[in-house]
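Working notes, structure below.
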Amino acid sequence: MTHTVDVVVIGGGQAGLAAAYHLRRVGGLDFAVLDAQPTPGGAWRHTWDSLRLFSPAAYSSLPGRLMPPQQGETYPDAAHVVDYLTDYEQRYGLPVHRPVRVRAVRPDGRHLRVETDSGTWRARAVVSATGTWSRPFVPAVPGRDTFGGRQLHTVEYEGPGAFAGLRVIVVGGGNSGAQVAADLAYGTELTWVTQRPARFLADDIDGRVLFDHATARRRALDEGRDDTGGVASLGDIVAVPPVREARDAGLLKTQPMFTRLTRTGVEWADGTKADADVIIWCTGFRPALSHLAPLGLRGPRGHIPTRGTEAVGEPRLHLLGYGDWTGPASATLIGVGRPAREAAHAIAALLR
Ligand code: FAD
């Protein structure tokens, strides 16, 4: 069966919903959101129980509706975000179709053809908002196949219960690595490994400040002033309460990155070894873009070159939410609203 609409949004996580909100607001456009998951919430459905947002609720809001505070928590958990996103799409009556997985997007004359596991959609424009959660990244460290213990990525981490008493190596110096390390600091023999020493943001800096910083940087660049530097210049890790507590208890010391895995653990360049039962890779993600491969737009590093959110070479395609390359802070709840608005306005202008 083939459906024809003005715009298809691929992905019904926060970025897809923000796009849908602004497509509705510009008016006069017939659009559909196709989401592979059976229920709302995007990646937030799959994170571990102890994960806490790095900003208070009001600073984690999509356009149009403030996230309500979570009872008893300054920094909400992932379940609270799922509830918020569920309410958001219902409140605005956003046309989300689930579960619908997009397999491929191809040129089709004046349209783009969106092929899914349940039919084809023809659209005059497409917003791709498929996130990164489905593409966990693990670096190619020598010996990875040799290690006899268990290896998992952040996406498979559900909480400390399964690791009690074990020798666990957590790899990664970002927020995921820090939160997972803090989670495991009390009940396991933890080694936390990072490429450079952990850089905690000052305790009074959270996602609000990061967002303000990203906004100021964007304004400076827009106005042709000097680059004020990305949020990375402030540090890597937001000291949310569980991280702060573990750090202050002296439990979050880092080791430099090892050079190879052995059958029983890891080995550093100077020959030092550590045995381990489990290695948890908190080493990030890559954008989920395979459905766009038939368009032949990929540039270096696997990204699709963009101007704002618009794909260079295909003005009917916008990319949203994957990272700073699709708009400053666009991979955050509060940051995705502005690029979503810009994408919706650009699409409206193109189609009229
Ligand atoms: P997703 O939430 O991944 O949604 C994409 C949707 O598209 C999913 O439903 C998926 O099933 C669907 N999809 C994928 N491929 C297809 C396809 N081919 N066809 C159809 N549907 C498809 N941000 C904050 O603002 N505050 C925080 O505190 C914060 N903490 C974070 C902590 C961790 C550990 C991580 C990993 C991220 C955190 N983020 C935080 C970042 C960010 O908010 C998330 O990465 C966010 O989930 C990205 O939203 P998205 O809509 O782009 O992608």
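Residue numbers start at 1 in each chain; chains themselves are named A, B, ... in the order of the structure tokens; ligands are numbered from 1 in the order shown.
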Give me, as CSV, the closest atom pair and its distance (Å, one decimal) for every residue of segment 221-302 of chain A within a cut-off of 12 Å of segment 66-85 of chain A, counting only C-alpha atoms, rows sorted by chain and rising number.
residue,atom,partner,partner_atom,distance
A:Val238,CA,A:Tyr75,CA,11.4
A:Ala239,CA,A:Tyr75,CA,11.1
A:Val240,CA,A:Tyr75,CA,7.6
A:Pro241,CA,A:Tyr75,CA,8.6
A:Pro242,CA,A:Tyr75,CA,10.6
Create the file for the chosen residues now, containing C-alpha atoms and written as a compact mmCIF listing (two decimals), in the first residue's frame.
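Generated output (out-v5.txt):
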# COMPACT_ATOMS: atom_id res chain seq x y z
CA VAL A 238 27.87 16.61 34.88
CA ALA A 239 28.10 15.91 38.60
CA VAL A 240 24.52 14.66 39.08
CA PRO A 241 23.96 13.59 42.72
CA PRO A 242 24.91 9.86 42.41
Need to verify the contact set: segment 12-24 of chain A, 6 Å, only C-alpha atoms, exclusion of same-chain residues closer than 5 positions in sequence. Can you return it as a ChimeraX atom specification?
/A:35,41-42,129,321,337,340-341,344
Exercise answer, 6 Å around ligand 1 with only C-alpha atoms and all ligand atoms, as a PyMOL selection string:
chain A and resi 10-16+34-37+42-44+53-55+60+100-103+129-133+176+291+321-322+331-334
With N, CA and C atoms retained, could you export that selection as a short mmCIF file (atom, residue, chain, number, x, y, z; two decimals), in the first residue's frame?
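Generated file (again_21.cif):
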data_model
loop_
_atom_site.label_atom_id
_atom_site.label_comp_id
_atom_site.auth_asym_id
_atom_site.auth_seq_id
_atom_site.Cartn_x
_atom_site.Cartn_y
_atom_site.Cartn_z
N ILE A 10 10.93 10.46 10.05
CA ILE A 10 11.35 9.09 10.38
C ILE A 10 11.91 9.10 11.80
N GLY A 11 11.24 8.40 12.70
CA GLY A 11 11.65 8.37 14.10
C GLY A 11 10.69 9.17 14.96
N GLY A 12 10.20 8.54 16.03
CA GLY A 12 9.24 9.21 16.91
C GLY A 12 9.78 9.38 18.31
N GLY A 13 11.10 9.60 18.43
CA GLY A 13 11.69 9.99 19.72
C GLY A 13 11.50 11.50 19.89
N GLN A 14 12.27 12.07 20.80
CA GLN A 14 12.08 13.51 21.08
C GLN A 14 12.29 14.38 19.85
N ALA A 15 13.28 14.03 18.99
CA ALA A 15 13.57 14.87 17.82
C ALA A 15 12.42 14.79 16.82
N GLY A 16 11.91 13.58 16.59
CA GLY A 16 10.79 13.42 15.67
C GLY A 16 9.55 14.16 16.17
N LEU A 34 6.84 8.15 11.39
CA LEU A 34 6.96 6.69 11.38
C LEU A 34 8.00 6.28 12.41
N ASP A 35 7.59 5.46 13.37
CA ASP A 35 8.50 5.09 14.46
C ASP A 35 8.58 3.57 14.58
N ALA A 36 9.80 3.07 14.67
CA ALA A 36 10.01 1.62 14.68
C ALA A 36 9.55 0.95 15.97
N GLN A 37 9.42 1.72 17.04
CA GLN A 37 9.09 1.10 18.33
C GLN A 37 7.57 0.97 18.50
N GLY A 42 11.16 6.74 22.52
CA GLY A 42 12.48 6.71 21.87
C GLY A 42 13.48 5.96 22.72
N ALA A 43 14.72 6.45 22.72
CA ALA A 43 15.80 5.76 23.42
C ALA A 43 15.58 5.71 24.94
N TRP A 44 14.81 6.65 25.46
CA TRP A 44 14.64 6.72 26.92
C TRP A 44 14.01 5.45 27.47
N LEU A 53 18.65 12.57 34.42
CA LEU A 53 18.91 13.67 33.48
C LEU A 53 19.93 14.61 34.08
N PHE A 54 20.70 15.26 33.21
CA PHE A 54 21.69 16.20 33.75
C PHE A 54 21.13 17.62 33.88
N SER A 55 19.82 17.78 33.69
CA SER A 55 19.17 19.07 33.93
C SER A 55 17.86 18.84 34.68
N SER A 60 14.50 20.55 30.52
CA SER A 60 14.57 19.35 29.67
C SER A 60 13.29 19.24 28.85
N VAL A 100 6.52 1.04 12.79
CA VAL A 100 6.82 1.11 11.35
C VAL A 100 8.32 1.37 11.21
N ARG A 101 9.04 0.43 10.66
CA ARG A 101 10.49 0.62 10.47
C ARG A 101 10.77 1.02 9.04
N VAL A 102 11.47 2.11 8.87
CA VAL A 102 11.85 2.56 7.53
C VAL A 102 13.10 1.80 7.09
N ARG A 103 13.00 1.18 5.95
CA ARG A 103 14.13 0.42 5.42
C ARG A 103 15.01 1.27 4.51
N ALA A 129 15.05 11.46 11.88
CA ALA A 129 15.28 11.72 13.31
C ALA A 129 15.39 10.38 14.03
N THR A 130 16.29 9.54 13.55
CA THR A 130 16.36 8.16 14.03
C THR A 130 17.34 7.95 15.19
N GLY A 131 17.98 9.03 15.64
CA GLY A 131 18.81 8.93 16.83
C GLY A 131 20.09 8.11 16.62
N THR A 132 20.66 7.70 17.74
CA THR A 132 21.94 6.99 17.71
C THR A 132 21.91 5.69 18.53
N TRP A 133 20.86 5.53 19.33
CA TRP A 133 20.83 4.42 20.29
C TRP A 133 21.00 3.06 19.63
N SER A 176 27.79 8.87 30.44
CA SER A 176 27.35 7.47 30.61
C SER A 176 28.37 6.71 31.43
N HIS A 291 19.20 3.80 6.53
CA HIS A 291 18.02 3.92 5.67
C HIS A 291 18.21 5.00 4.59
N GLY A 321 18.62 16.01 15.36
CA GLY A 321 18.77 15.38 16.68
C GLY A 321 20.00 14.52 16.87
N TYR A 322 20.84 14.38 15.84
CA TYR A 322 21.94 13.42 15.94
C TYR A 322 23.13 13.95 16.74
N ALA A 331 21.01 17.09 20.15
CA ALA A 331 20.78 15.76 20.73
C ALA A 331 20.37 15.86 22.20
N THR A 332 19.75 16.98 22.57
CA THR A 332 19.22 17.10 23.92
C THR A 332 17.75 17.51 23.84
N LEU A 333 17.04 17.26 24.92
CA LEU A 333 15.61 17.59 24.95
C LEU A 333 15.39 19.08 24.73
N ILE A 334 16.12 19.90 25.44
CA ILE A 334 15.86 21.34 25.32
C ILE A 334 16.46 21.91 24.04
#
Using only C-alpha atoms, can you tell me which of A:Tyr88, A:Trp192, A:Trp48, A:Phe31 comes closest to Arg124 of chain A?
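Closest to Arg124 of chain A of all the choices is A:Phe31.
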If you run DSSP on the backbone, which residues of segment 149-192 of chain A are helix (DSSP H, G or I), as a list in words?
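Restricting segment 149-192 of chain A to helix (DSSP H, G or I) produces Thr154, Val155, Glu156, Pro160, Gly161, Ala162, Phe163, Asn175, Ser176, Gly177, Ala178, Gln179, Val180, Ala181, Ala182, Asp183 and Leu184 of chain A.
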Quick one: everything within 10 Å of Pro328 of chain A, counting only C-alpha atoms, minus sequence neighbours fewer than 2 positions away in the same chain. Send it as a list in words.
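With the cut-off at 10 Å, the set is Phe211, His213, Ala214, Thr215, Arg217, Arg218, Gly230, Val231, Gly308, Gly321, Gly323, Asp324, Trp325, Thr326, Ser330, Ala331, Thr332, Gly335, Val336, Arg338 and Pro339 of chain A.
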Write a file of the just-selected residues containing C-alpha atoms, as a PDB file, in the first residue's frame.
ATOM      1  CA  PHE A 211      22.538  24.836  27.055  1.00  0.00           C
ATOM      2  CA  HIS A 213      26.791  28.014  26.720  1.00  0.00           C
ATOM      3  CA  ALA A 214      25.789  26.302  23.449  1.00  0.00           C
ATOM      4  CA  THR A 215      23.287  29.086  22.735  1.00  0.00           C
ATOM      5  CA  ARG A 217      28.295  30.002  21.037  1.00  0.00           C
ATOM      6  CA  ARG A 218      25.714  29.701  18.275  1.00  0.00           C
ATOM      7  CA  GLY A 230      31.893  24.082  22.568  1.00  0.00           C
ATOM      8  CA  VAL A 231      30.478  22.797  25.831  1.00  0.00           C
ATOM      9  CA  GLY A 308      21.854  23.615   9.443  1.00  0.00           C
ATOM     10  CA  GLY A 321      18.766  15.377  16.675  1.00  0.00           C
ATOM     11  CA  GLY A 323      24.416  15.823  17.490  1.00  0.00           C
ATOM     12  CA  ASP A 324      25.908  19.275  17.133  1.00  0.00           C
ATOM     13  CA  TRP A 325      26.401  18.696  13.401  1.00  0.00           C
ATOM     14  CA  THR A 326      22.593  18.899  13.045  1.00  0.00           C
ATOM     15  CA  SER A 330      20.248  19.143  19.044  1.00  0.00           C
ATOM     16  CA  ALA A 331      20.780  15.761  20.731  1.00  0.00           C
ATOM     17  CA  THR A 332      19.220  17.096  23.924  1.00  0.00           C
ATOM     18  CA  GLY A 335      18.202  21.840  22.378  1.00  0.00           C
ATOM     19  CA  VAL A 336      16.246  20.071  19.644  1.00  0.00           C
ATOM     20  CA  ARG A 338      15.210  25.275  17.651  1.00  0.00           C
ATOM     21  CA  PRO A 339      16.632  23.132  14.826  1.00  0.00           C
TER      22      PRO A 339
END
Long-range neighbours of segment 184-191 of chain A as a ChimeraX atom specification, 12 Å cut-off, only C-alpha atoms, 4 positions minimum in chain
/A:50,157-172,177-180,242-258,265-266,273-280
Could you take the residues named above and write them with C-alpha atoms, as a compact mmCIF listing (two decimals), in the first residue's frame?
# COMPACT_ATOMS: atom_id res chain seq x y z
CA SER A 50 19.48 4.76 37.88
CA TYR A 157 23.43 -2.08 30.88
CA GLU A 158 20.36 -2.39 33.12
CA GLY A 159 21.78 -1.75 36.61
CA PRO A 160 24.33 -3.01 39.13
CA GLY A 161 22.41 -6.12 40.25
CA ALA A 162 23.95 -8.51 37.74
CA PHE A 163 27.51 -7.50 38.62
CA ALA A 164 27.59 -7.76 42.43
CA GLY A 165 31.02 -8.85 43.67
CA LEU A 166 32.52 -9.06 40.17
CA ARG A 167 35.65 -7.38 38.79
CA VAL A 168 34.21 -4.83 36.38
CA ILE A 169 36.06 -2.49 34.01
CA VAL A 170 34.01 0.50 32.84
CA VAL A 171 35.46 2.22 29.75
CA GLY A 172 34.53 5.80 28.88
CA GLY A 177 30.71 6.15 31.80
CA ALA A 178 30.58 8.28 34.94
CA GLN A 179 27.01 7.33 35.81
CA VAL A 180 27.59 3.62 35.20
CA PRO A 242 24.91 9.86 42.41
CA VAL A 243 28.12 10.77 40.55
CA ARG A 244 28.96 13.47 43.08
CA GLU A 245 28.42 11.10 46.01
CA ALA A 246 30.63 8.37 44.54
CA ARG A 247 33.31 10.90 43.58
CA ASP A 248 33.28 12.52 47.03
CA ALA A 249 33.57 9.07 48.63
CA GLY A 250 36.78 8.63 46.64
CA LEU A 251 35.32 5.80 44.57
CA LEU A 252 35.65 7.37 41.13
CA LYS A 253 39.34 7.28 40.35
CA THR A 254 40.27 6.80 36.71
CA GLN A 255 42.97 4.71 35.04
CA PRO A 256 44.36 5.58 31.61
CA MET A 257 43.17 3.62 28.59
CA PHE A 258 44.65 0.14 28.25
CA GLY A 265 41.43 -8.90 31.41
CA VAL A 266 43.30 -5.91 30.04
CA LYS A 273 47.68 -6.08 33.73
CA ALA A 274 44.30 -6.23 35.42
CA ASP A 275 42.00 -9.24 35.46
CA ALA A 276 38.29 -8.71 34.95
CA ASP A 277 35.03 -10.61 34.76
CA VAL A 278 33.17 -7.92 32.82
CA ILE A 279 34.05 -5.00 30.55
CA ILE A 280 31.36 -2.36 29.99
If DSSP is run on the backbone, what residues of segment 106-182 of chain A are strand (DSSP E)? A reply as number ranges by chain would be ideal.
A: 106-108, 111-116, 119-128, 150-153, 167-171
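Atom pair atom CA of Glu342 of chain A / atom CA of Gly327 of chain A has a distance of 9.7 Å (rounded to one decimal).
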For Glu310 of chain A, the nearest of the candidates A:Arg150, A:Ile347, A:Val138, A:Val105, counting only C-alpha atoms:
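Counting only C-alpha atoms, the residue closest to Glu310 of chain A is A:Ile347.
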Could you jot down the atom CA of Leu317 of chain A to atom CA of His111 of chain A separation for me, Å, one decimal place?
10.8 Å
Please compute the atom CA of Gln151 of chain A-atom CA of Arg52 of chain A distance, one decimal, in Å.
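Distance reported for this atom pair: 23.6 Å.
Nearest residue to Cys282 of chain A among A:Arg307, A:His153, A:His46, A:Arg122 is A:His153, counting only C-alpha atoms.
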